[in-house]
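Reading through the structure tokens given below for one structure.
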Amino acid sequence: MPRPVPTDHILLRGGRLIDPQIDLDTVADVLVSHGEIAAIGEDLEAPKGAVVIECAEKLVTPGLVDVHTHLRQPGREDEETIASGTRAAVHGGFTAVCAMPNTDPIADEGAAIRFIVETAEQEAYCRVHPIGAITAAQKGEALAEIGDMCAAGAVAFSDDGRGVQRAGMMRLAMDYARTFDATIVAHCEDESLVGRGVVNEGVVSTRLGLPGWPKAGEETQVARDLRIAELTRCRLHLAHLSTAGSIALVREAKAAGLGVTCEVTPHHLFLHEDAIEADYDTNLKMNPPLRTADDCAALRQGLLDGTVDCIATDHAPHARHEKALEFELAPFGTTGLETALPLVATHMVATGEATWAQVVEWMAAGPRRSLSLPKVTLEPGGMADITVIDPEAQVVVSEDWFESRSANSAFLGDKLLGKASEVLVGGRLVLRNGKVVDQ
């Protein structure tokens, strides 16, 4: 699938530029030339042949990044591919995604990472940063080829979908990753506590007769991995935290000076267990599960006070027939790339709970810092990875709105406010007027 051809010059005219990394919040023009930001200022002149995009009443920000995406290729191309997943990403306003390793086969060696890198170079609509597995085949029994994967382009390591069960193995992984200055991304789930759990253990699991997934199943591994990171001095990023207890543990660790980062997802921020009703909607089945309203509030407070570093989607596409199974048998996960920005805009900015500068911090700057990705700022000479947001655009979440191959969204039917209208990746215009650009 051909990618959009770069345009020599693009002028973004009259937008509100927001970049908290450089204390920028002003109305100005942005001139992009040959893949870089050439100039920022008022009344810039458009070079001959430039594409001029009117951005009045819109926001211009550094490109958004998702550090937790499942692209499914290789192995489950019926659910998603690198091409379709990155189409969904730019449709949602993202200029880069980090691809999780639980493909088929597992991305646990250099050759698998190189496949992702090379396929993305030919087919992706945005940047793709591969994450390699921590252990071979994600079985938790032996280290994966971490050095080989670093050399091939892996930006971090995770057994996402499964927690590393043995503390000794996690220590070995952190010790080894530290020698490569690599980040471990921890999926915190103690399987001996979780068992067959599919929803939060409590009132809802009892009412619906479903096996419970206790909060302690997450929090015990969060506590363990924080202590191992303290011991090994390895960079640790905690994936998709879902409980108030987990946020409290991270807050305490940061106060003690531990260099840990963490993420939360839109579905854990804006949905809680009471959304699961007697129709047993499997689009509401995710790992970790939806928790309580108090947990949702604690996650949002963690964002607002700086305990939580970024919002990640945990985009988990699944085939329709899989999600049509009984609740206990259906796979975990919801899509998220295309709804993340509208959800945050609707439920935090429009309500006055957060500012657009905070959203840029959570969805552009914070994700890059968490996994040590190249910094992107709205400054002359900078890389032209840019997201333009229309804060008044209306979104009705429906199956035919998605660019993803899968539509297993937990937010189907929602009416949201705010979405990306344009996206530039390295100076390539990949989203225009809310539509993915094919050239």
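In the structure tokens, each chain is lettered A, B, ... as it comes, each chain's residues begin at 1, and ligands are numbered from 1 in order of appearance.
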**Report entry** Spatial neighbours of Thr339 (chain A), 12 Å, only C-alpha atoms, chain gap at least 5 places, as a PyMOL selection string
**Finding:** chain A and resi 88-94+265-267+270+312-315+334+344-347+394-399+401-404+407-420
Can you write just those residues out, N, CA and C atoms, as a short mmCIF file (atom, residue, chain, number, x, y, z; two decimals), in the first residue's frame?
data_model
loop_
_atom_site.label_atom_id
_atom_site.label_comp_id
_atom_site.auth_asym_id
_atom_site.auth_seq_id
_atom_site.Cartn_x
_atom_site.Cartn_y
_atom_site.Cartn_z
N ALA A 88 -5.68 3.63 11.21
CA ALA A 88 -6.49 3.96 12.37
C ALA A 88 -5.77 4.96 13.27
N ALA A 89 -4.47 4.80 13.42
CA ALA A 89 -3.69 5.70 14.27
C ALA A 89 -3.76 7.14 13.77
N VAL A 90 -3.49 7.36 12.48
CA VAL A 90 -3.51 8.75 11.99
C VAL A 90 -4.93 9.29 11.99
N HIS A 91 -5.93 8.43 11.77
CA HIS A 91 -7.32 8.86 11.88
C HIS A 91 -7.61 9.35 13.29
N GLY A 92 -6.96 8.76 14.27
CA GLY A 92 -7.13 9.18 15.66
C GLY A 92 -6.21 10.30 16.08
N GLY A 93 -5.33 10.78 15.17
CA GLY A 93 -4.45 11.89 15.50
C GLY A 93 -3.04 11.52 15.88
N PHE A 94 -2.69 10.25 15.80
CA PHE A 94 -1.36 9.81 16.23
C PHE A 94 -0.35 9.86 15.08
N THR A 265 -5.37 4.02 30.44
CA THR A 265 -6.09 3.97 29.18
C THR A 265 -7.41 4.74 29.26
N PRO A 266 -7.94 5.18 28.11
CA PRO A 266 -9.24 5.84 28.13
C PRO A 266 -10.36 4.97 28.70
N HIS A 267 -10.33 3.65 28.42
CA HIS A 267 -11.44 2.84 28.93
C HIS A 267 -11.39 2.71 30.45
N PHE A 270 -12.70 6.31 31.80
CA PHE A 270 -14.04 6.80 31.55
C PHE A 270 -15.14 5.75 31.63
N ALA A 312 -2.37 5.88 27.18
CA ALA A 312 -2.09 4.92 26.11
C ALA A 312 -3.39 4.20 25.77
N THR A 313 -3.52 3.76 24.52
CA THR A 313 -4.82 3.21 24.11
C THR A 313 -4.99 1.73 24.43
N ASP A 314 -3.92 0.95 24.47
CA ASP A 314 -4.03 -0.52 24.51
C ASP A 314 -4.97 -1.01 23.42
N HIS A 315 -4.82 -0.43 22.23
CA HIS A 315 -5.64 -0.80 21.07
C HIS A 315 -5.53 -2.30 20.83
N THR A 334 -10.31 -3.98 23.77
CA THR A 334 -11.12 -3.05 23.00
C THR A 334 -10.22 -2.25 22.08
N VAL A 344 -10.89 11.90 25.58
CA VAL A 344 -10.22 12.82 26.51
C VAL A 344 -10.76 14.24 26.32
N ALA A 345 -10.95 14.64 25.06
CA ALA A 345 -11.49 15.97 24.79
C ALA A 345 -12.87 16.15 25.39
N THR A 346 -13.70 15.11 25.28
CA THR A 346 -15.09 15.20 25.74
C THR A 346 -15.19 15.13 27.26
N HIS A 347 -14.48 14.19 27.86
CA HIS A 347 -14.69 13.90 29.28
C HIS A 347 -13.74 14.64 30.22
N GLN A 394 -17.68 17.00 15.84
CA GLN A 394 -18.51 15.99 16.49
C GLN A 394 -18.20 14.61 15.93
N VAL A 395 -18.19 13.65 16.82
CA VAL A 395 -17.89 12.26 16.46
C VAL A 395 -19.01 11.37 16.98
N VAL A 396 -19.56 10.56 16.12
CA VAL A 396 -20.47 9.50 16.54
C VAL A 396 -19.73 8.18 16.32
N VAL A 397 -19.44 7.48 17.40
CA VAL A 397 -18.63 6.26 17.32
C VAL A 397 -19.50 5.14 16.75
N SER A 398 -19.19 4.75 15.52
CA SER A 398 -19.94 3.69 14.85
C SER A 398 -18.97 2.79 14.11
N GLU A 399 -19.41 1.60 13.76
CA GLU A 399 -18.51 0.65 13.11
C GLU A 399 -17.99 1.19 11.78
N TRP A 401 -17.30 4.16 10.99
CA TRP A 401 -16.40 5.31 11.17
C TRP A 401 -14.94 4.87 11.30
N PHE A 402 -14.72 3.62 11.69
CA PHE A 402 -13.36 3.16 11.98
C PHE A 402 -12.56 2.89 10.71
N GLU A 403 -11.28 3.18 10.78
CA GLU A 403 -10.32 2.76 9.76
C GLU A 403 -9.69 1.42 10.14
N SER A 404 -9.74 1.06 11.40
CA SER A 404 -9.27 -0.24 11.87
C SER A 404 -10.05 -1.36 11.21
N ALA A 407 -13.90 -3.58 14.93
CA ALA A 407 -14.79 -2.56 15.49
C ALA A 407 -15.23 -2.92 16.89
N ASN A 408 -14.43 -3.67 17.62
CA ASN A 408 -14.80 -4.09 18.97
C ASN A 408 -14.50 -2.98 19.97
N SER A 409 -15.19 -1.86 19.80
CA SER A 409 -14.98 -0.70 20.67
C SER A 409 -15.93 -0.74 21.85
N ALA A 410 -15.39 -0.39 23.01
CA ALA A 410 -16.22 -0.28 24.21
C ALA A 410 -17.10 0.96 24.18
N PHE A 411 -16.91 1.83 23.18
CA PHE A 411 -17.61 3.11 23.15
C PHE A 411 -18.55 3.24 21.95
N LEU A 412 -18.92 2.13 21.34
CA LEU A 412 -19.85 2.19 20.21
C LEU A 412 -21.14 2.90 20.62
N GLY A 413 -21.56 3.84 19.77
CA GLY A 413 -22.77 4.60 20.04
C GLY A 413 -22.55 5.90 20.77
N ASP A 414 -21.35 6.13 21.31
CA ASP A 414 -21.08 7.37 22.03
C ASP A 414 -21.03 8.56 21.07
N LYS A 415 -21.46 9.72 21.54
CA LYS A 415 -21.34 10.97 20.80
C LYS A 415 -20.31 11.83 21.50
N LEU A 416 -19.22 12.13 20.78
CA LEU A 416 -18.06 12.79 21.37
C LEU A 416 -17.78 14.11 20.68
N LEU A 417 -16.95 14.93 21.33
CA LEU A 417 -16.64 16.26 20.82
C LEU A 417 -15.14 16.45 20.76
N GLY A 418 -14.61 16.69 19.54
CA GLY A 418 -13.18 16.93 19.35
C GLY A 418 -12.48 15.76 18.69
N LYS A 419 -11.72 16.05 17.62
CA LYS A 419 -10.98 15.00 16.93
C LYS A 419 -9.88 15.64 16.09
N ALA A 420 -8.97 14.81 15.59
CA ALA A 420 -7.92 15.29 14.70
C ALA A 420 -8.51 15.61 13.33
#
Requested in this report: Using DSSP on the backbone, list every residue of region 164-271 of chain A that comes out as helix (DSSP H, G or I), and give them as number ranges by chain.
Outcome: A: 167-179, 191-194, 203-208, 216-232, 244-255, 266-270
Requested in this report: as a count of residues only, please: all residues of region 109-269 of chain A that backbone DSSP puts in strand (DSSP E).
Outcome: 26
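Each of A:Val60, A:Gly195, A:Cys55, A:Thr119 was compared to Asp25 (chain A) using only C-alpha atoms, and A:Val60 turns out to be the nearest.
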Report as JSON lines: every residue of region 94-212 of chain A with an atom at most 10 Å from region 218-224 of chain A, its closest pair of atoms, and their distance in Å to one decimal, counting only C-alpha atoms, with rows sorted by chain and ascending residue number.
{"residue": "A:Gly163", "atom": "CA", "partner": "A:Gln221", "partner_atom": "CA", "distance": 8.1}
{"residue": "A:Val164", "atom": "CA", "partner": "A:Gln221", "partner_atom": "CA", "distance": 8.9}
{"residue": "A:Gln165", "atom": "CA", "partner": "A:Gln221", "partner_atom": "CA", "distance": 8.6}
{"residue": "A:Ala167", "atom": "CA", "partner": "A:Arg224", "partner_atom": "CA", "distance": 7.5}
{"residue": "A:Met170", "atom": "CA", "partner": "A:Arg224", "partner_atom": "CA", "distance": 9.5}
{"residue": "A:Ala186", "atom": "CA", "partner": "A:Val222", "partner_atom": "CA", "distance": 8.3}
{"residue": "A:His187", "atom": "CA", "partner": "A:Glu218", "partner_atom": "CA", "distance": 8.5}
{"residue": "A:Cys188", "atom": "CA", "partner": "A:Gln221", "partner_atom": "CA", "distance": 5.1}
{"residue": "A:Glu189", "atom": "CA", "partner": "A:Glu218", "partner_atom": "CA", "distance": 4.9}
{"residue": "A:Asp190", "atom": "CA", "partner": "A:Gln221", "partner_atom": "CA", "distance": 6.3}
{"residue": "A:Glu191", "atom": "CA", "partner": "A:Glu218", "partner_atom": "CA", "distance": 9.4}
{"residue": "A:Leu193", "atom": "CA", "partner": "A:Glu218", "partner_atom": "CA", "distance": 9.0}
{"residue": "A:Val194", "atom": "CA", "partner": "A:Glu218", "partner_atom": "CA", "distance": 8.6}
Query - All residues 8 Å or closer to Ile40 (chain A), only C-alpha atoms, same chain fewer than 5 positions away omitted, as an MDAnalysis selection string - result: chainID A and resid 28:31 379:380
**Report entry** Close residues, region 359-365 of chain A itself excluded, 7 Å, only C-alpha atoms, min 5 positions apart in chain, as a count of residues only
**Finding:** 10
Report summary line: Of A:Cys98, A:Leu210, A:Leu238, A:Ile131, the one sitting nearest Gly197 (chain A) when using only C-alpha atoms is A:Leu210
**Report entry** Counting only C-alpha atoms, the option among A:Phe157, A:Tyr176, A:Phe327, A:Tyr125 closest to Leu284 (chain A)
**Finding:** A:Phe327
Requested in this report: Extract, using only C-alpha atoms, all DNA, RNA and protein residues at most 8 Å from Met286 (chain A), discarding same-chain residues fewer than 3 positions from it, and format them as a ChimeraX atom specification.
Outcome: /A:198,283,289-290,331-334
Within 7 Å of region 273-282 of chain A using only C-alpha atoms, minus same-chain residues under 6 positions, as a PDB file with C-alpha atoms, in the first residue's frame:
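Final output, saved to out06.pdb:
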ATOM      1  CA  ASN A 200     -13.411  -6.872  38.585  1.00  0.00           C
ATOM      2  CA  VAL A 204     -20.702  -6.788  39.570  1.00  0.00           C
ATOM      3  CA  LEU A 208     -23.451 -11.414  36.871  1.00  0.00           C
ATOM      4  CA  LEU A 290     -12.972  -2.196  34.296  1.00  0.00           C
ATOM      5  CA  ARG A 291     -12.773  -1.312  37.974  1.00  0.00           C
ATOM      6  CA  THR A 292     -14.941   0.896  40.208  1.00  0.00           C
ATOM      7  CA  LYS A 323     -16.150 -11.226  20.469  1.00  0.00           C
ATOM      8  CA  PHE A 327     -18.252 -13.500  28.022  1.00  0.00           C
ATOM      9  CA  ALA A 330     -14.314 -14.071  24.394  1.00  0.00           C
TER      10      ALA A 330
END
**Report entry** Å distance separating CA of Ala120 (chain A) from CA of Asp390 (chain A), one decimal place
**Finding:**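 Interatomic distance here is 27.9 Å.
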Query raised in the report: In terms of the shortest atom-to-atom distance over only C-alpha atoms, which of A:Gly15, A:Pro130, A:Gly35, A:Gly168 is closest to Ala142 (chain A)?
Result: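 Answer, going by the shortest atom-to-atom distance: A:Gly168.
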Query raised in the report: Residues at most 9 Å from region 252-264 of chain A, counting only C-alpha atoms, excluding those fewer than 5 positions away in the same chain, as a ChimeraX atom specification?
Result: /A:67,185,226-227,229-230,233-242,247,269,299-300,303,307-313,367,369-371
Report summary line: Pairwise distance, CA of Arg166 (chain A) with CA of Ala136 (chain A), equals 14.0 Å
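Here CA of Ser205 (chain A) and CA of Ala319 (chain A) stand 25.2 Å from one another.
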